[in-house]
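The structure file protein-v1.tsv is reproduced below (TSV, C-alpha atoms).
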```
chain	number	residue	atom	x	y	z
T	121	MET	CA	80.67	125.40	117.64
T	122	THR	CA	78.52	122.63	116.12
T	123	GLN	CA	79.68	119.04	115.83
T	124	GLY	CA	80.11	119.40	112.06
T	125	SER	CA	82.28	122.49	112.32
T	126	ASP	CA	84.32	120.83	115.13
T	127	GLN	CA	84.86	117.88	112.84
T	128	ASP	CA	85.93	120.14	109.96
T	129	ALA	CA	88.24	122.23	112.15
T	130	GLN	CA	89.89	119.17	113.70
T	131	TYR	CA	90.39	117.61	110.28
T	132	LEU	CA	91.91	120.80	108.84
T	133	ALA	CA	94.32	121.07	111.77
T	134	ALA	CA	95.33	117.42	111.40
T	135	ALA	CA	95.75	117.70	107.62
T	136	GLU	CA	97.97	120.73	108.11
T	137	ALA	CA	100.13	119.09	110.78
T	138	PHE	CA	100.33	115.57	109.33
T	139	GLY	CA	100.01	116.19	105.58
T	140	PRO	CA	103.65	115.45	104.66
T	141	ALA	CA	103.79	112.41	106.98
T	142	LEU	CA	100.60	111.02	105.41
T	143	GLN	CA	102.21	111.35	101.98
T	144	ARG	CA	105.22	109.39	103.23
T	145	LEU	CA	102.91	106.74	104.67
T	146	ALA	CA	101.12	106.44	101.32
T	147	ARG	CA	104.48	106.08	99.56
T	148	ALA	CA	105.54	103.36	102.01
T	149	THR	CA	102.29	101.49	101.33
T	150	GLU	CA	101.58	101.84	97.61
T	151	ALA	CA	104.06	101.91	94.72
T	152	HIS	CA	101.66	102.78	91.91
T	153	PRO	CA	101.28	106.60	91.64
T	154	GLU	CA	97.54	106.63	90.82
T	155	ARG	CA	96.60	104.09	93.45
T	156	ARG	CA	98.85	105.92	95.90
T	157	ARG	CA	96.91	109.12	95.26
T	158	ASP	CA	93.66	107.20	95.78
T	159	LEU	CA	95.01	105.84	99.05
T	160	LEU	CA	96.06	109.30	100.20
T	161	GLN	CA	92.57	110.62	99.40
T	162	ASP	CA	91.02	107.67	101.28
T	163	VAL	CA	93.21	108.44	104.29
T	164	HIS	CA	92.07	112.07	104.27
T	165	VAL	CA	88.41	111.06	103.92
T	166	ALA	CA	88.76	108.54	106.76
T	167	LEU	CA	90.41	111.16	108.95
T	168	TRP	CA	87.62	113.62	108.30
T	169	GLN	CA	85.00	110.92	109.01
T	170	SER	CA	86.82	109.81	112.15
T	171	PHE	CA	86.68	113.25	113.75
T	172	ALA	CA	82.92	112.80	114.13
T	173	LEU	CA	83.88	110.22	116.79
T	174	PHE	CA	86.91	111.92	118.31
T	175	ASP	CA	86.28	112.50	122.00
T	176	GLY	CA	89.79	113.18	123.28
T	177	ARG	CA	90.28	109.75	124.85
T	178	CYS	CA	93.72	109.70	123.25
T	179	SER	CA	95.92	112.46	121.86
T	180	LEU	CA	95.15	113.92	118.45
T	181	SER	CA	98.45	112.57	117.14
T	182	THR	CA	97.71	109.00	118.32
T	183	TRP	CA	94.23	109.22	116.78
T	184	VAL	CA	95.54	110.44	113.41
T	185	TRP	CA	98.27	107.79	113.21
T	186	ARG	CA	95.86	104.98	114.09
T	187	VAL	CA	93.24	105.98	111.53
T	188	ALA	CA	95.83	106.58	108.80
T	189	HIS	CA	97.71	103.34	109.39
T	190	ASN	CA	94.54	101.25	109.60
T	191	VAL	CA	93.33	102.67	106.27
T	192	ALA	CA	96.78	102.02	104.77
T	193	ALA	CA	96.83	98.43	106.12
T	194	SER	CA	93.40	97.73	104.60
T	195	HIS	CA	94.56	99.16	101.29
T	196	ALA	CA	97.77	97.08	101.36
T	197	GLY	CA	95.75	93.92	102.02
T	198	ARG	CA	93.44	94.62	99.07
T	199	GLU	CA	96.17	95.64	96.66
T	200	ARG	CA	98.85	93.11	97.62
T	201	ARG	CA	98.69	91.37	94.26
T	202	HIS	CA	98.93	94.61	92.28
T	203	ASN	CA	101.93	95.85	94.25
T	204	ALA	CA	104.18	92.84	93.76
T	205	GLY	CA	107.24	93.84	91.80
T	206	GLN	CA	105.78	97.08	90.52
T	207	VAL	CA	108.27	99.57	91.79
T	208	GLY	CA	108.95	101.68	88.73
T	209	LEU	CA	110.91	104.79	87.90
T	210	GLU	CA	107.90	106.96	88.70
T	211	ASP	CA	108.41	105.98	92.32
T	212	VAL	CA	111.83	107.62	92.52
T	213	PRO	CA	111.42	111.00	94.22
T	214	HIS	CA	112.20	114.12	92.21
T	215	LEU	CA	115.65	115.54	92.65
T	216	ALA	CA	115.73	118.40	95.08
T	217	ASP	CA	117.49	121.65	94.32
T	218	GLY	CA	120.66	122.72	96.06
T	219	ARG	CA	122.36	119.34	96.14
T	220	SER	CA	124.91	117.79	93.86
T	221	LEU	CA	123.41	115.50	91.23
T	222	ALA	CA	125.37	112.53	92.52
T	223	SER	CA	124.23	112.92	96.12
T	224	ALA	CA	120.65	113.63	95.07
T	225	VAL	CA	120.55	110.52	92.88
T	226	GLU	CA	122.10	108.48	95.66
T	227	GLU	CA	119.52	109.77	98.16
T	228	ALA	CA	116.62	109.24	95.76
T	229	ASP	CA	117.83	105.71	95.11
T	230	ALA	CA	118.17	105.01	98.83
T	231	LEU	CA	114.63	106.31	99.48
T	232	ASP	CA	113.30	104.28	96.59
T	233	ARG	CA	114.88	101.12	97.96
T	234	LEU	CA	113.79	101.93	101.50
T	235	ASN	CA	110.14	102.46	100.46
T	236	ALA	CA	110.17	99.30	98.34
T	237	TRP	CA	111.60	97.31	101.25
T	238	ILE	CA	109.02	98.70	103.70
T	239	ARG	CA	106.16	97.84	101.31
T	240	ARG	CA	107.17	94.18	101.49
T	241	LEU	CA	106.90	94.05	105.31
T	242	LYS	CA	103.92	92.62	107.17
T	243	PRO	CA	101.54	95.30	108.54
T	244	PRO	CA	102.80	95.38	112.17
T	245	ASP	CA	106.45	95.68	111.07
T	246	ARG	CA	105.61	98.25	108.40
T	247	GLN	CA	103.63	100.33	110.91
T	248	VAL	CA	106.26	100.24	113.65
T	249	LEU	CA	109.10	101.07	111.25
T	250	THR	CA	107.34	103.97	109.52
T	251	LEU	CA	106.34	105.46	112.88
T	252	TYR	CA	109.95	105.14	114.03
T	253	LEU	CA	111.18	106.79	110.83
T	254	GLU	CA	108.79	109.68	111.50
T	255	GLY	CA	110.78	110.25	114.68
T	256	LEU	CA	108.24	108.95	117.24
T	257	ALA	CA	109.58	107.56	120.52
T	258	ALA	CA	109.07	103.87	121.37
T	259	ALA	CA	106.49	104.77	124.04
T	260	GLU	CA	104.39	106.75	121.52
T	261	ILE	CA	104.63	103.95	118.96
T	262	ALA	CA	103.58	101.48	121.66
T	263	GLU	CA	100.52	103.62	122.45
T	264	ILE	CA	99.50	103.87	118.80
T	265	ALA	CA	100.16	100.25	117.91
T	266	GLY	CA	98.94	98.66	121.15
T	267	PHE	CA	102.26	96.86	121.69
T	268	SER	CA	104.42	96.93	124.80
T	269	PRO	CA	107.30	99.47	124.63
T	270	GLY	CA	109.75	96.56	124.96
T	271	ALA	CA	108.19	94.77	121.99
T	272	VAL	CA	108.40	97.98	119.94
T	273	ALA	CA	112.08	98.53	120.81
T	274	THR	CA	112.91	94.90	119.94
T	275	ARG	CA	111.02	95.14	116.67
T	276	ILE	CA	112.75	98.38	115.66
T	277	SER	CA	116.15	96.97	116.43
T	278	ARG	CA	115.42	93.77	114.46
T	279	LEU	CA	114.04	95.72	111.50
T	280	LYS	CA	117.01	98.08	111.41
T	281	ALA	CA	119.41	95.13	111.44
T	282	GLN	CA	117.47	93.45	108.60
T	283	LEU	CA	117.39	96.70	106.66
T	284	ALA	CA	121.14	97.22	107.06
T	285	GLN	CA	121.76	93.67	105.86
T	286	GLU	CA	119.41	94.09	102.89
T	287	PHE	CA	121.15	97.29	101.80
T	288	ARG	CA	124.59	95.71	102.22
T	289	GLU	CA	123.52	92.75	100.07
T	290	GLN	CA	122.03	95.03	97.40
T	291	SER	CA	125.16	97.18	97.19
T	292	HIS	CA	127.27	94.03	96.77
T	293	ASP	CA	125.08	92.81	93.87
O	258	MET	CA	120.18	115.99	123.11
O	259	THR	CA	119.80	112.58	121.43
O	260	ASP	CA	121.38	111.88	118.06
O	261	ARG	CA	118.86	111.60	115.28
O	262	ASP	CA	119.06	108.38	113.27
O	263	PRO	CA	120.30	109.23	109.72
O	264	LEU	CA	117.51	106.97	108.43
O	265	GLN	CA	114.95	109.27	110.06
O	266	THR	CA	116.62	112.28	108.46
O	267	LEU	CA	116.58	110.56	105.07
O	268	TRP	CA	112.96	109.53	105.55
O	269	THR	CA	111.60	112.95	106.48
O	270	SER	CA	113.58	114.64	103.68
O	271	GLN	CA	111.36	113.00	101.02
O	272	GLN	CA	110.14	115.36	98.36
O	273	GLN	CA	106.43	116.16	98.73
O	274	GLU	CA	104.02	115.80	95.86
O	275	GLU	CA	101.42	118.45	95.07
O	276	PHE	CA	98.34	117.39	97.07
O	277	SER	CA	95.34	119.18	98.49
O	278	MET	CA	91.73	118.28	99.17
O	279	SER	CA	89.10	120.81	100.09
O	280	LEU	CA	86.39	119.93	102.59
O	281	ALA	CA	83.87	119.87	99.74
O	282	GLU	CA	86.02	117.32	97.85
O	283	ILE	CA	86.36	115.20	100.98
O	284	GLN	CA	82.63	115.18	101.63
O	285	SER	CA	81.90	114.37	98.00
O	286	ARG	CA	84.43	111.47	97.96
O	287	SER	CA	82.95	110.19	101.23
O	288	THR	CA	79.48	110.10	99.61
O	289	ARG	CA	80.90	108.48	96.46
O	290	LEU	CA	82.54	105.74	98.55
O	291	GLN	CA	79.19	104.91	100.14
O	292	SER	CA	77.54	104.74	96.70
O	293	LYS	CA	80.34	102.43	95.55
O	294	VAL	CA	79.58	100.01	98.41
O	295	ARG	CA	75.87	100.06	97.48
O	296	MET	CA	76.75	99.43	93.80
O	297	ARG	CA	79.00	96.51	94.76
O	298	ASN	CA	76.15	94.97	96.75
O	299	ILE	CA	73.71	95.40	93.86
O	300	THR	CA	76.22	93.72	91.49
O	301	GLU	CA	76.49	90.77	93.90
O	302	TYR	CA	72.69	90.41	94.09
O	303	VAL	CA	72.42	90.49	90.28
O	304	ALA	CA	75.19	87.86	89.93
O	305	ALA	CA	73.44	85.61	92.48
O	306	ALA	CA	70.10	86.09	90.70
O	307	ILE	CA	71.70	85.06	87.36
O	308	VAL	CA	73.22	81.87	88.86
O	309	ILE	CA	69.94	80.95	90.53
O	310	GLY	CA	68.02	81.76	87.35
O	311	VAL	CA	70.30	79.59	85.18
O	312	PHE	CA	69.87	76.54	87.43
O	313	LEU	CA	66.12	77.04	87.75
O	314	TRP	CA	65.87	77.37	83.97
O	315	SER	CA	67.90	74.13	83.63
O	316	ALA	CA	65.52	72.44	86.07
O	317	ALA	CA	62.50	73.62	84.12
O	318	THR	CA	63.83	72.45	80.76
O	319	MET	CA	65.32	69.10	81.81
O	320	SER	CA	63.48	65.90	81.06
O	321	LEU	CA	65.22	63.80	83.74
O	322	PRO	CA	63.34	64.18	87.05
O	323	VAL	CA	66.33	63.34	89.30
O	324	ALA	CA	68.68	65.71	87.45
O	325	ARG	CA	65.92	68.32	87.60
O	326	ALA	CA	65.71	67.88	91.38
O	327	GLY	CA	69.52	68.27	91.51
O	328	ALA	CA	69.38	71.54	89.58
O	329	VAL	CA	66.70	72.86	91.98
O	330	LEU	CA	68.91	71.89	94.93
O	331	ILE	CA	71.90	73.70	93.34
O	332	ALA	CA	69.75	76.81	92.81
O	333	ALA	CA	68.67	76.61	96.47
O	334	ALA	CA	72.34	76.27	97.52
O	335	ALA	CA	73.28	79.34	95.43
O	336	LEU	CA	70.50	81.29	97.16
O	337	TYR	CA	71.72	80.13	100.58
O	338	VAL	CA	75.33	81.11	99.75
O	339	ALA	CA	74.22	84.53	98.45
O	340	ILE	CA	72.38	85.19	101.74
O	341	ALA	CA	75.39	83.96	103.75
O	342	LEU	CA	77.73	86.23	101.73
O	343	HIS	CA	75.43	89.17	102.32
O	344	ARG	CA	75.43	88.49	106.07
O	345	LYS	CA	79.21	88.11	106.20
O	346	ALA	CA	79.99	91.25	104.21
O	347	PRO	CA	77.30	93.73	105.16
O	348	ALA	CA	76.94	97.04	103.38
O	349	VAL	CA	78.04	98.86	106.52
O	350	LYS	CA	81.44	100.34	105.77
O	351	TRP	CA	84.21	100.31	108.37
O	352	GLU	CA	83.95	103.44	110.46
O	353	PRO	CA	87.38	104.98	110.91
O	354	ASP	CA	87.98	105.03	114.65
O	355	GLY	CA	91.24	106.16	116.22
O	356	SER	CA	90.37	104.59	119.58
O	357	GLU	CA	91.27	101.21	118.06
O	358	THR	CA	95.00	100.40	118.23
O	359	LEU	CA	96.78	99.12	115.14
O	360	ALA	CA	97.18	95.70	116.78
O	361	GLU	CA	93.46	95.48	117.63
O	362	PHE	CA	92.48	96.42	114.09
O	363	HIS	CA	94.96	94.03	112.47
O	364	ARG	CA	94.02	91.20	114.86
O	365	GLY	CA	90.36	91.73	113.98
O	366	GLU	CA	91.19	91.44	110.28
O	367	LEU	CA	93.23	88.27	110.81
O	368	LEU	CA	90.49	86.70	112.93
O	369	ARG	CA	87.89	87.55	110.31
O	370	GLN	CA	89.97	85.82	107.62
O	371	ARG	CA	90.64	82.85	109.97
O	372	HIS	CA	86.92	82.49	110.70
O	373	ALA	CA	86.05	82.67	106.99
O	374	LEU	CA	88.57	79.88	106.29
O	375	SER	CA	87.34	77.61	109.06
O	376	THR	CA	83.66	77.98	108.23
O	377	VAL	CA	83.90	78.01	104.41
O	378	TRP	CA	82.87	74.33	104.37
O	379	ARG	CA	79.65	74.96	106.19
O	380	TRP	CA	78.38	77.96	104.26
O	381	TYR	CA	80.06	77.74	100.85
O	382	LEU	CA	80.81	74.13	99.88
O	383	LEU	CA	78.47	71.81	101.77
O	384	PRO	CA	75.27	73.52	100.55
O	385	PHE	CA	76.19	72.56	96.97
O	386	LEU	CA	76.97	68.92	97.82
O	387	PRO	CA	73.41	67.48	97.83
O	388	GLY	CA	72.58	69.23	94.55
O	389	PHE	CA	75.75	68.01	92.80
O	390	LEU	CA	75.23	64.44	94.08
O	391	VAL	CA	71.61	64.30	93.00
O	392	PHE	CA	72.34	66.00	89.66
O	393	ASN	CA	75.19	63.61	88.83
O	394	ALA	CA	73.17	60.59	89.95
O	395	GLY	CA	70.34	61.78	87.71
O	396	ILE	CA	72.67	62.03	84.69
O	397	SER	CA	74.63	58.81	85.36
O	398	PHE	CA	71.61	56.60	86.09
O	399	ALA	CA	69.24	58.11	83.54
O	400	PRO	CA	66.99	55.43	81.95
O	401	ASP	CA	68.15	56.44	78.46
O	402	ASN	CA	71.85	56.07	79.38
O	403	PRO	CA	72.90	53.06	77.24
O	404	LEU	CA	75.89	52.13	79.47
O	405	PRO	CA	75.80	48.95	81.57
O	406	LEU	CA	75.26	49.39	85.34
O	407	ALA	CA	78.97	48.93	86.15
O	408	ALA	CA	79.92	51.69	83.70
O	409	LYS	CA	77.18	53.93	85.13
O	410	LEU	CA	78.56	53.33	88.62
O	411	GLY	CA	82.04	54.12	87.27
O	412	GLN	CA	80.78	57.34	85.71
O	413	PHE	CA	79.08	58.37	88.95
O	414	GLY	CA	82.16	57.35	91.01
O	415	PHE	CA	84.41	59.40	88.71
O	416	MET	CA	82.32	62.52	89.34
O	417	ILE	CA	82.33	61.84	93.10
O	418	GLY	CA	86.12	61.38	92.92
O	419	LEU	CA	86.54	64.70	91.13
O	420	MET	CA	84.50	66.44	93.80
O	421	ALA	CA	86.41	64.70	96.60
O	422	ALA	CA	89.71	65.78	95.00
O	423	MET	CA	88.48	69.37	94.74
O	424	PHE	CA	87.41	69.32	98.42
O	425	ALA	CA	90.78	67.84	99.42
O	426	VAL	CA	92.71	70.57	97.58
O	427	ILE	CA	90.57	73.27	99.19
O	428	ALA	CA	91.05	71.67	102.63
O	429	TRP	CA	94.83	71.58	102.12
O	430	LEU	CA	95.00	75.19	100.95
O	431	ASN	CA	92.79	76.30	103.84
O	432	HIS	CA	94.90	74.42	106.34
O	433	LYS	CA	98.07	76.09	105.04
O	434	ALA	CA	96.49	79.56	105.07
O	435	ALA	CA	95.01	79.02	108.55
O	436	LYS	CA	98.40	77.95	109.96
O	437	LYS	CA	99.98	81.11	108.54
O	438	LEU	CA	97.23	83.27	110.06
O	439	ASP	CA	97.57	81.50	113.44
O	440	ALA	CA	101.29	82.28	113.44
O	441	GLU	CA	100.60	85.94	112.64
O	442	ILE	CA	97.97	86.18	115.40
O	443	ALA	CA	100.35	84.54	117.92
O	444	ASP	CA	103.14	86.95	116.90
O	445	LEU	CA	100.79	89.89	117.33
O	446	ASP	CA	99.55	88.67	120.74
O	447	ALA	CA	103.12	88.23	121.97
O	448	ALA	CA	103.86	91.87	121.17
O	449	ARG	CA	100.67	93.32	122.65
O	450	LYS	CA	100.59	95.07	126.03
```

Show this structure as structure tokens.
Amino acid sequence: MTQGSDQDAQYLAAAEAFGPALQRLARATEAHPERRRDLLQDVHVALWQSFALFDGRCSLSTWVWRVAHNVAASHAGRERRHNAGQVGLEDVPHLADGRSLASAVEEADALDRLNAWIRRLKPPDRQVLTLYLEGLAAAEIAEIAGFSPGAVATRISRLKAQLAQEFREQSHD
Amino acid sequence: MTDRDPLQTLWTSQQQEEFSMSLAEIQSRSTRLQSKVRMRNITEYVAAAIVIGVFLWSAATMSLPVARAGAVLIAAAALYVAIALHRKAPAVKWEPDGSETLAEFHRGELLRQRHALSTVWRWYLLPFLPGFLVFNAGISFAPDNPLPLAAKLGQFGFMIGLMAAMFAVIAWLNHKAAKKLDAEIADLDAARK
């Protein structure tokens, strides 16, 4: 196989495996639907470009997360001013079938608040928390982020406590 | 078996939007992004050329020799700053590389911003200083200025004061931003392996 077809094949495999997670990352980074779509496209382009350099020195998963998060962090830095206070109704996920309206609305509202809260975090916190929410273990997050596993565990615990407090305060308002 | 955090279950249950990109679309967007960077650079060169042109035109049409020299110095400073900007933000786009950890990438970004803040004096503000001084001196002490010498000195001093105030505000803002960046870099370093 040529380098170009390797690159294409690796990208297609990554897009298939990580597509939904990349959408969640875009949602946790950008509130505005059009700019979020742009970001998602940029992430896919960067992933495709990056596979020209992929030499297996780390796992495919680590590679994909690093590229995607670094693109998202750059985007967040550029768009910080646009994002402030722009979490609109369009950001609330569509209601899924098969659930009661009340529970679906409650879940959509919780996700909306969670995404909005994550978007306000500084890049390292946002990255660690979203990787944790994707179900990655502390050791994997440490590998991707370049932090010690202890620092990752401490950060997750602190962020979860802050998140719980934030949600408690919001539900009391 | 470990219990899954309900937050993780909530997170991964998010509804997916319709999204797909073919390889052809990806390659075409990749090419478009490169063209966009080239266009941005061309826009910056044109803007710099306009600023330089305006000051050179002022120099050519002014009757006061000292003010004319000031305008030439300002045009030279604008040229210097344009070259410095070009060197600091080259057309080479960041190459996505998964061998770089998130902390390394973020630290690099913070250091770049920190460096830009600490050197902004040297490459952005100081080059304009001689030109502004000479230009203002030329205007304030022009032979056809009917004001007495004390008033001329006052006029010149007022302009110097305005510039000093502007520099002080920039220094204060830079100092605040640099302190914030230093704290972020220290926080990042403490968490790194």

Report as a PDB file with C-alpha atoms, in the frame of the given file all protein, DNA and RNA residues lying within 12 Å of stretch 397-405 of chain O, evaluated on only C-alpha atoms, omitting residues in the same chain fewer than 2 positions from it.
```pdb
ATOM      1  CA  MET O 319      65.320  69.100  81.810  1.00  0.00           C
ATOM      2  CA  SER O 320      63.480  65.900  81.060  1.00  0.00           C
ATOM      3  CA  LEU O 321      65.220  63.800  83.740  1.00  0.00           C
ATOM      4  CA  PRO O 322      63.340  64.180  87.050  1.00  0.00           C
ATOM      5  CA  VAL O 323      66.330  63.340  89.300  1.00  0.00           C
ATOM      6  CA  ALA O 324      68.680  65.710  87.450  1.00  0.00           C
ATOM      7  CA  ARG O 325      65.920  68.320  87.600  1.00  0.00           C
ATOM      8  CA  PHE O 389      75.750  68.010  92.800  1.00  0.00           C
ATOM      9  CA  LEU O 390      75.230  64.440  94.080  1.00  0.00           C
ATOM     10  CA  VAL O 391      71.610  64.300  93.000  1.00  0.00           C
ATOM     11  CA  PHE O 392      72.340  66.000  89.660  1.00  0.00           C
ATOM     12  CA  ASN O 393      75.190  63.610  88.830  1.00  0.00           C
ATOM     13  CA  ALA O 394      73.170  60.590  89.950  1.00  0.00           C
ATOM     14  CA  GLY O 395      70.340  61.780  87.710  1.00  0.00           C
ATOM     15  CA  ALA O 407      78.970  48.930  86.150  1.00  0.00           C
ATOM     16  CA  ALA O 408      79.920  51.690  83.700  1.00  0.00           C
ATOM     17  CA  LYS O 409      77.180  53.930  85.130  1.00  0.00           C
ATOM     18  CA  LEU O 410      78.560  53.330  88.620  1.00  0.00           C
ATOM     19  CA  GLY O 411      82.040  54.120  87.270  1.00  0.00           C
ATOM     20  CA  GLN O 412      80.780  57.340  85.710  1.00  0.00           C
ATOM     21  CA  PHE O 413      79.080  58.370  88.950  1.00  0.00           C
ATOM     22  CA  GLY O 414      82.160  57.350  91.010  1.00  0.00           C
ATOM     23  CA  PHE O 415      84.410  59.400  88.710  1.00  0.00           C
ATOM     24  CA  MET O 416      82.320  62.520  89.340  1.00  0.00           C
ATOM     25  CA  ILE O 417      82.330  61.840  93.100  1.00  0.00           C
TER      26      ILE O 417
END
```

Per residue of chain T within 7 Å of chain O, which atom pair is closest and at what distance in Å (one decimal), using all atoms listed in the file, listed by chain and increasing number, as a tab-separated table?
```
residue	atom	partner	partner_atom	distance
T:Pro140	CA	O:Gln273	CA	6.6
T:Val165	CA	O:Ile283	CA	5.5
T:Ala166	CA	O:Pro353	CA	5.6
T:Gln169	CA	O:Pro353	CA	6.7
T:Ser170	CA	O:Pro353	CA	5.0
T:Leu173	CA	O:Asp354	CA	7.0
T:Trp183	CA	O:Gly355	CA	4.3
T:Val184	CA	O:Gly355	CA	6.7
T:Arg186	CA	O:Gly355	CA	5.2
T:Val187	CA	O:Gly355	CA	5.1
T:Asn190	CA	O:Leu359	CA	6.3
T:Pro213	CA	O:Gln272	CA	6.1
T:His214	CA	O:Gln272	CA	6.6
T:Leu253	CA	O:Gln265	CA	4.6
T:Glu254	CA	O:Gln265	CA	6.3
T:Gly255	CA	O:Gln265	CA	6.3
T:Ile264	CA	O:Thr358	CA	5.7
T:Ala265	CA	O:Leu359	CA	4.5
T:Gly266	CA	O:Thr358	CA	5.2
T:Phe267	CA	O:Arg449	CA	4.0
T:Ser268	CA	O:Lys450	CA	4.4
T:Ala271	CA	O:Ala448	CA	5.3
```

What does the file look like for those residues with C-alpha atoms, as a compact mmCIF listing (two decimals), in the coordinates of the input?
```txt
# COMPACT_ATOMS: atom_id res chain seq x y z
CA PRO T 140 103.65 115.45 104.66
CA VAL T 165 88.41 111.06 103.92
CA ALA T 166 88.76 108.54 106.76
CA GLN T 169 85.00 110.92 109.01
CA SER T 170 86.82 109.81 112.15
CA LEU T 173 83.88 110.22 116.79
CA TRP T 183 94.23 109.22 116.78
CA VAL T 184 95.54 110.44 113.41
CA ARG T 186 95.86 104.98 114.09
CA VAL T 187 93.24 105.98 111.53
CA ASN T 190 94.54 101.25 109.60
CA PRO T 213 111.42 111.00 94.22
CA HIS T 214 112.20 114.12 92.21
CA LEU T 253 111.18 106.79 110.83
CA GLU T 254 108.79 109.68 111.50
CA GLY T 255 110.78 110.25 114.68
CA ILE T 264 99.50 103.87 118.80
CA ALA T 265 100.16 100.25 117.91
CA GLY T 266 98.94 98.66 121.15
CA PHE T 267 102.26 96.86 121.69
CA SER T 268 104.42 96.93 124.80
CA ALA T 271 108.19 94.77 121.99
```

Test item: residues at most 12 Å from O:Ala306, all atoms listed in the file, excluding those fewer than 2 positions along its chain, as a tab-separated table (two decimals) with C-alpha atoms, in the frame of the given file:
```
chain	number	residue	atom	x	y	z
O	299	ILE	CA	73.71	95.40	93.86
O	300	THR	CA	76.22	93.72	91.49
O	301	GLU	CA	76.49	90.77	93.90
O	302	TYR	CA	72.69	90.41	94.09
O	303	VAL	CA	72.42	90.49	90.28
O	304	ALA	CA	75.19	87.86	89.93
O	308	VAL	CA	73.22	81.87	88.86
O	309	ILE	CA	69.94	80.95	90.53
O	310	GLY	CA	68.02	81.76	87.35
O	311	VAL	CA	70.30	79.59	85.18
O	312	PHE	CA	69.87	76.54	87.43
O	313	LEU	CA	66.12	77.04	87.75
O	314	TRP	CA	65.87	77.37	83.97
O	332	ALA	CA	69.75	76.81	92.81
O	333	ALA	CA	68.67	76.61	96.47
O	335	ALA	CA	73.28	79.34	95.43
O	336	LEU	CA	70.50	81.29	97.16
O	337	TYR	CA	71.72	80.13	100.58
O	338	VAL	CA	75.33	81.11	99.75
O	339	ALA	CA	74.22	84.53	98.45
O	340	ILE	CA	72.38	85.19	101.74
```

Hey, can you check how far atom CA of O:Ser375 sits from atom CA of O:Ala443?
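A separation of 17.2 Å between them.
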
I'd like the interatomic distance between atom CA of T:Val163 and atom CA of T:Gln247, to a tenth of an Å.
14.8 Å
